[in-house]
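Q: My structure is stored as entry.cif, with mmCIF, C-alpha atoms.
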data_my_file
#
loop_
_atom_site.label_atom_id
_atom_site.label_comp_id
_atom_site.auth_asym_id
_atom_site.auth_seq_id
_atom_site.Cartn_x
_atom_site.Cartn_y
_atom_site.Cartn_z
CA MET A 1 97.67 89.82 113.77
CA LYS A 2 100.82 90.58 111.82
CA ILE A 3 100.42 92.38 108.52
CA THR A 4 102.55 93.06 105.47
CA VAL A 5 102.65 96.41 103.69
CA THR A 6 103.81 96.61 100.09
CA GLU A 7 103.76 99.25 97.38
CA MET A 8 101.26 98.40 94.64
CA PRO A 9 100.97 100.84 91.71
CA CYS A 10 97.96 101.31 89.48
CA LYS A 11 97.25 103.10 86.18
CA SER A 12 94.60 105.74 85.55
CA GLY A 13 94.28 107.58 82.26
CA GLY A 14 97.90 106.90 81.44
CA LYS A 15 99.10 108.20 84.81
CA ASN A 16 100.77 106.15 87.52
CA ILE A 17 98.91 105.93 90.82
CA PHE A 18 100.93 105.38 93.98
CA GLY A 19 99.27 102.93 96.33
CA MET A 20 100.01 100.76 99.35
CA LEU A 21 98.51 97.34 100.01
CA TYR A 22 98.04 96.13 103.59
CA LEU A 23 97.54 92.37 103.99
CA PRO A 24 97.15 90.07 107.00
CA GLU A 25 100.00 87.58 107.13
CA GLY A 26 99.29 83.91 106.54
CA TYR A 27 95.86 84.23 104.95
CA LYS A 28 94.62 81.04 103.31
CA GLU A 29 91.35 82.13 101.70
CA LYS A 30 90.29 84.99 99.48
CA LEU A 31 90.14 88.24 101.42
CA PRO A 32 87.50 90.94 101.67
CA ALA A 33 88.97 94.25 100.53
CA VAL A 34 88.61 97.92 101.38
CA ILE A 35 89.68 100.73 99.04
CA LEU A 36 90.53 103.86 101.03
CA SER A 37 90.24 107.33 99.46
CA HIS A 38 91.84 110.34 101.15
CA GLY A 39 90.49 113.86 101.34
CA TYR A 40 91.39 117.13 99.60
CA ASN A 41 95.11 117.93 99.68
CA SER A 42 95.72 114.80 101.72
CA SER A 43 97.38 111.49 100.85
CA CYS A 44 97.47 107.74 101.35
CA SER A 45 99.57 108.25 104.49
CA HIS A 46 96.70 110.07 106.19
CA VAL A 47 94.45 106.99 106.04
CA SER A 48 97.20 104.47 106.83
CA ASP A 49 95.93 104.08 110.40
CA MET A 50 92.57 102.94 109.03
CA ALA A 51 94.26 100.59 106.54
CA GLN A 52 96.38 99.08 109.31
CA SER A 53 93.36 98.45 111.50
CA LEU A 54 91.39 96.87 108.65
CA ALA A 55 94.26 94.54 107.77
CA GLU A 56 94.45 93.48 111.40
CA LYS A 57 90.75 92.62 111.09
CA GLY A 58 91.46 90.31 108.14
CA PHE A 59 90.87 92.69 105.22
CA ALA A 60 93.08 93.51 102.29
CA ALA A 61 93.28 97.31 102.56
CA TYR A 62 94.46 99.47 99.68
CA CYS A 63 95.11 103.18 100.06
CA TYR A 64 96.39 105.41 97.26
CA ASP A 65 97.11 108.98 96.24
CA PHE A 66 94.72 110.61 93.79
CA CYS A 67 96.46 111.94 90.68
CA GLY A 68 97.04 115.61 91.45
CA GLY A 69 95.03 115.13 94.61
CA SER A 70 97.42 116.97 96.88
CA SER A 71 100.62 119.00 97.00
CA ILE A 72 102.37 115.94 98.47
CA SER A 73 100.88 113.30 96.17
CA LYS A 74 103.22 110.51 95.04
CA SER A 75 100.96 109.77 92.07
CA GLU A 76 101.53 111.40 88.71
CA GLY A 77 99.51 114.43 87.67
CA LYS A 78 99.30 118.12 88.50
CA THR A 79 96.91 119.56 91.06
CA THR A 80 95.68 121.90 88.32
CA ASP A 81 94.48 118.86 86.36
CA MET A 82 92.56 117.37 89.29
CA SER A 83 88.76 117.45 89.52
CA ILE A 84 85.95 115.44 91.07
CA GLU A 85 85.56 113.70 87.70
CA SER A 86 89.25 112.79 87.53
CA GLU A 87 89.19 111.41 91.06
CA ILE A 88 86.12 109.30 90.27
CA GLU A 89 88.02 107.84 87.32
CA ASP A 90 91.05 107.17 89.54
CA LEU A 91 88.86 105.28 92.00
CA LYS A 92 87.18 103.30 89.24
CA ASN A 93 90.57 102.20 87.92
CA VAL A 94 91.76 101.26 91.39
CA ALA A 95 88.57 99.26 91.94
CA ALA A 96 89.09 97.42 88.65
CA MET A 97 92.63 96.50 89.67
CA ILE A 98 91.64 95.32 93.15
CA SER A 99 88.70 93.27 91.88
CA GLY A 100 91.05 91.56 89.43
CA CYS A 101 93.44 90.34 92.14
CA SER A 102 93.31 86.56 92.59
CA PHE A 103 93.41 86.84 96.41
CA ILE A 104 90.39 89.16 96.65
CA ASP A 105 86.80 88.09 97.28
CA ARG A 106 84.99 90.11 94.60
CA GLU A 107 81.72 89.86 96.51
CA LYS A 108 83.28 91.63 99.49
CA ILE A 109 84.87 94.83 98.19
CA PHE A 110 84.14 97.96 100.25
CA LEU A 111 84.84 101.66 99.88
CA TYR A 112 86.05 104.04 102.55
CA GLY A 113 86.42 107.76 101.96
CA GLU A 114 87.18 110.89 103.96
CA SER A 115 85.82 114.37 103.08
CA GLN A 116 86.30 114.89 99.31
CA GLY A 117 87.36 111.24 99.10
CA GLY A 118 84.02 110.33 100.68
CA PHE A 119 82.15 112.45 98.15
CA VAL A 120 84.10 110.80 95.32
CA SER A 121 83.54 107.31 96.77
CA ALA A 122 79.78 107.82 96.99
CA LEU A 123 79.54 109.11 93.41
CA ALA A 124 81.80 106.37 92.05
CA ALA A 125 79.70 103.75 93.83
CA SER A 126 76.56 105.21 92.25
CA GLN A 127 78.11 104.70 88.81
CA MET A 128 79.09 101.08 89.52
CA PRO A 129 76.52 100.00 92.14
CA ASP A 130 77.33 96.29 91.86
CA MET A 131 81.05 96.71 92.49
CA ALA A 132 80.99 97.53 96.20
CA ALA A 133 79.31 95.55 98.98
CA GLY A 134 79.18 98.57 101.28
CA MET A 135 80.77 101.87 102.23
CA ALA A 136 82.01 103.86 105.18
CA LEU A 137 82.10 107.63 104.70
CA LEU A 138 83.71 110.12 107.06
CA TYR A 139 82.24 113.64 106.79
CA PRO A 140 81.84 113.32 102.98
CA ALA A 141 82.07 116.70 101.25
CA PHE A 142 78.65 116.87 99.61
CA CYS A 143 78.91 120.65 100.02
CA ILE A 144 81.23 120.88 97.00
CA PRO A 145 78.52 121.59 94.40
CA ASP A 146 77.00 124.34 96.57
CA ASN A 147 80.44 125.82 97.16
CA TRP A 148 81.66 125.73 93.57
CA LEU A 149 78.77 125.81 91.09
CA PRO A 150 78.06 129.54 91.66
CA THR A 151 81.62 130.24 90.43
CA ASP A 152 81.84 131.19 86.74
CA PRO A 153 84.80 129.23 85.33
CA GLU A 154 85.31 131.97 82.74
CA GLU A 155 86.13 134.40 85.54
CA MET A 156 88.61 132.15 87.33
CA THR A 157 92.14 133.54 87.33
CA GLU A 158 94.54 130.62 87.14
CA PRO A 159 96.03 129.13 89.12
CA VAL A 160 93.56 129.36 91.98
CA ASP A 161 95.00 129.03 95.48
CA PHE A 162 92.49 127.04 97.50
CA MET A 163 93.13 125.55 100.92
CA GLY A 164 96.86 125.16 100.42
CA MET A 165 96.73 123.82 96.88
CA LYS A 166 96.69 125.26 93.35
CA LEU A 167 93.63 124.48 91.22
CA SER A 168 92.48 125.54 87.77
CA ARG A 169 89.12 125.89 86.04
CA THR A 170 89.42 122.15 85.42
CA PHE A 171 88.29 121.61 89.00
CA ARG A 172 85.25 123.87 88.60
CA GLU A 173 84.32 122.24 85.28
CA GLY A 174 84.50 118.81 86.92
CA VAL A 175 82.05 119.64 89.72
CA PRO A 176 78.83 117.61 89.25
CA GLU A 177 75.88 119.69 88.07
CA TYR A 178 73.40 116.88 88.66
CA ASP A 179 71.61 116.04 91.92
CA VAL A 180 74.43 114.36 93.83
CA PHE A 181 72.11 113.11 96.58
CA LYS A 182 69.81 111.41 94.08
CA ALA A 183 72.85 109.91 92.37
CA ALA A 184 74.28 108.60 95.65
CA GLY A 185 70.90 107.04 96.38
CA ARG A 186 71.38 104.60 93.50
CA PHE A 187 73.73 102.69 95.79
CA LYS A 188 71.53 100.27 97.74
CA LYS A 189 74.11 98.47 99.89
CA PRO A 190 74.86 99.28 103.57
CA VAL A 191 76.58 102.58 104.31
CA LEU A 192 78.12 103.79 107.57
CA LEU A 193 78.11 107.58 107.69
CA LEU A 194 80.11 109.45 110.34
CA HIS A 195 80.13 113.20 110.94
CA GLY A 196 81.00 115.63 113.72
CA ASP A 197 78.30 118.01 114.90
CA ASN A 198 80.84 120.86 115.09
CA ASP A 199 82.08 120.57 111.50
CA LYS A 200 82.64 124.09 110.14
CA LEU A 201 83.87 122.96 106.71
CA VAL A 202 81.15 120.45 105.77
CA ASP A 203 77.99 121.15 107.71
CA ILE A 204 76.43 118.04 109.23
CA SER A 205 73.19 118.85 107.39
CA TYR A 206 74.79 117.52 104.20
CA SER A 207 75.27 114.10 105.79
CA GLU A 208 71.75 114.20 107.20
CA LYS A 209 70.43 114.79 103.68
CA LEU A 210 72.70 112.09 102.27
CA CYS A 211 71.54 109.54 104.82
CA SER A 212 67.93 110.26 103.90
CA ALA A 213 68.75 109.58 100.24
CA LEU A 214 70.44 106.22 100.94
CA ALA A 215 68.52 102.97 101.11
CA ASP A 216 70.56 101.44 103.95
CA CYS A 217 72.31 104.05 106.08
CA ARG A 218 73.63 103.98 109.63
CA PHE A 219 74.41 107.54 110.74
CA GLU A 220 76.77 108.12 113.68
CA ILE A 221 77.14 111.66 115.03
CA PHE A 222 80.35 112.50 116.88
CA LYS A 223 79.62 115.10 119.52
CA ASN A 224 81.82 118.21 119.63
CA GLU A 225 83.96 116.99 116.73
CA GLY A 226 84.87 119.08 113.72
CA HIS A 227 86.24 118.38 110.27
CA GLY A 228 89.17 116.20 111.23
CA PHE A 229 88.49 114.25 114.39
CA SER A 230 90.45 114.46 117.60
CA PRO A 231 92.86 111.54 118.18
CA GLU A 232 90.44 109.92 120.64
CA ALA A 233 87.47 110.27 118.29
CA ARG A 234 89.49 108.99 115.36
CA GLN A 235 90.41 105.83 117.26
CA ARG A 236 86.75 105.30 118.10
CA MET A 237 85.85 105.91 114.45
CA ILE A 238 88.45 103.42 113.20
CA LYS A 239 87.09 100.68 115.46
CA MET A 240 83.53 101.51 114.44
CA VAL A 241 84.35 101.29 110.72
CA ALA A 242 86.29 98.04 111.08
CA ASP A 243 83.48 96.45 113.12
CA PHE A 244 80.83 97.66 110.67
CA LEU A 245 82.56 96.36 107.56
CA SER A 246 83.26 93.04 109.28
CA THR A 247 79.54 92.45 109.72
CA VAL A 248 78.28 93.53 106.26
#
Now that the file is in, can you turn its structure into structure tokens?
A:
Amino acid sequence: MKITVTEMPCKSGGKNIFGMLYLPEGYKEKLPAVILSHGYNSSCSHVSDMAQSLAEKGFAAYCYDFCGGSSISKSEGKTTDMSIESEIEDLKNVAAMISGCSFIDREKIFLYGESQGGFVSALAASQMPDMAAGMALLYPAFCIPDNWLPTDPEEMTEPVDFMGMKLSRTFREGVPEYDVFKAAGRFKKPVLLLHGDNDKLVDISYSEKLCSALADCRFEIFKNEGHGFSPEARQRMIKMVADFLSTV
């Protein structure tokens, strides 16, 4: 199936969000949609393979750059202003825009997120449980509260260099202090959860705990895969996600 790819901006808190819309050519009915959220210090381009595959399956796929979400982000905003809270708001604004498009089936909007983008997607879905019909999460970073809450923001020397990106105490202050697993459990629709059993960045135990908290979870473990799948595993993952969302 041929697809078209066009730039489609969005607004969030007065900032411009860069986004790309992937559409199957020649569609005649309203389309199911998937909103794709990238991981920490990543970008829309890093989930474009997933967006392409979903569009070929008949979805409208929208990927975007979080404001300040990476050192290569095309969206407005500084990395030192980014937090989990700000990314949740970005996703909510993107979801509002997509649901308002005349060519979208509002009953068939899905979320897809990788790593921090998966964490953000799950928390955003818990705050608007009727918006999404389902989710696919790739090694979602539910370790973030455990990693960051012990840090005293008053003792943070700014800017903080973390994994190739500069952060400020804004990031620490935006880390959820509530039970993120209980919050994620408010989402009752189907969820596909994928994680490698050799993940050194986000231990697979976090996804095991998340799956237990969800009402409708399918958990797929990728043997000998870490945080960031091998090309072969990623292709298998892409097909699995596209097939799953097509049947929800």
Q: Given the choices A:Asn16, A:Ser70, A:Ser115, A:Ser212, which gets closest to Gly39 of chain A if the distance is worked out from only C-alpha atoms?
A: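 Among the listed residues, the smallest separation from Gly39 of chain A belongs to A:Ser115.
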Q: Quick one: distance from atom CA of Leu193 of chain A to atom CA of Phe110 of chain A in Å, one decimal?
A: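 A separation of 13.6 Å between them.
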Q: List as a PyMOL selection string the protein and nucleic acid residues near Leu194 of chain A, meaning an atom at most 7 Å away when all atoms listed in the file are counted, but skip any in the same chain fewer than 5 places from it.
A: chain A and resi 137-139+219-221
Q: Can you turn the PyMOL selection byres ((chain A and resi 21) around 7) into a concrete residue list for this file, as a list in words?
A: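 This file gives the following for the PyMOL selection byres ((chain A and resi 21) around 7): Val5, Thr6, Glu7, Met8, Gly19, Met20, Tyr22, Leu23, Ala61, Tyr62 and Cys63 of chain A.
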Q: Using the chain letters and residue numbers of this document, give as a PyMOL selection string the residues selected by the PyMOL selection byres ((chain A and resi 18) around 6).
A: chain A and resi 9+17+19+64-65+74-75
Q: Would you be able to write out as a list in words which residues have an atom within 8 Å of (86.8, 84.2, 98.9) in the file's coordinates, counting all atoms listed in the file?
A: Glu29, Lys30, Leu31, Pro32, Phe103, Ile104, Asp105, Arg106 and Glu107 of chain A
Q: Rounded to one decimal, what separation in Å do you get between atom CA of Cys211 of chain A and atom CA of Gly58 of chain A?
A: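 Result for atom CA of Cys211 of chain A versus atom CA of Gly58 of chain A: 27.9 Å, one decimal.
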Q: As a compact mmCIF listing (two decimals), in the frame of the given file, please: segment 209-223 of chain A completed to N, CA and C atoms.
A:
# COMPACT_ATOMS: atom_id res chain seq x y z
N LYS A 209 71.14 114.89 104.96
CA LYS A 209 70.43 114.79 103.68
C LYS A 209 70.88 113.55 102.91
N LEU A 210 72.17 113.27 102.95
CA LEU A 210 72.70 112.09 102.27
C LEU A 210 72.11 110.82 102.85
N CYS A 211 72.06 110.73 104.17
CA CYS A 211 71.54 109.54 104.82
C CYS A 211 70.08 109.30 104.44
N SER A 212 69.33 110.38 104.30
CA SER A 212 67.93 110.26 103.90
C SER A 212 67.79 109.73 102.48
N ALA A 213 68.80 110.01 101.65
CA ALA A 213 68.75 109.58 100.24
C ALA A 213 69.20 108.13 100.06
N LEU A 214 69.91 107.58 101.05
CA LEU A 214 70.44 106.22 100.94
C LEU A 214 69.43 105.19 101.42
N ALA A 215 69.48 104.03 100.78
CA ALA A 215 68.52 102.97 101.11
C ALA A 215 68.84 102.29 102.44
N ASP A 216 70.13 102.18 102.76
CA ASP A 216 70.56 101.44 103.95
C ASP A 216 71.69 102.22 104.61
N CYS A 217 71.32 103.14 105.49
CA CYS A 217 72.31 104.05 106.08
C CYS A 217 72.29 103.99 107.60
N ARG A 218 73.46 103.85 108.18
CA ARG A 218 73.63 103.98 109.63
C ARG A 218 74.42 105.28 109.86
N PHE A 219 73.82 106.21 110.56
CA PHE A 219 74.41 107.54 110.74
C PHE A 219 74.88 107.69 112.17
N GLU A 220 76.19 107.94 112.35
CA GLU A 220 76.77 108.12 113.68
C GLU A 220 77.27 109.55 113.81
N ILE A 221 76.74 110.27 114.79
CA ILE A 221 77.14 111.66 115.03
C ILE A 221 78.18 111.69 116.15
N PHE A 222 79.29 112.36 115.88
CA PHE A 222 80.35 112.50 116.88
C PHE A 222 80.23 113.88 117.53
N LYS A 223 79.87 113.87 118.79
CA LYS A 223 79.62 115.10 119.52
C LYS A 223 80.89 115.93 119.68
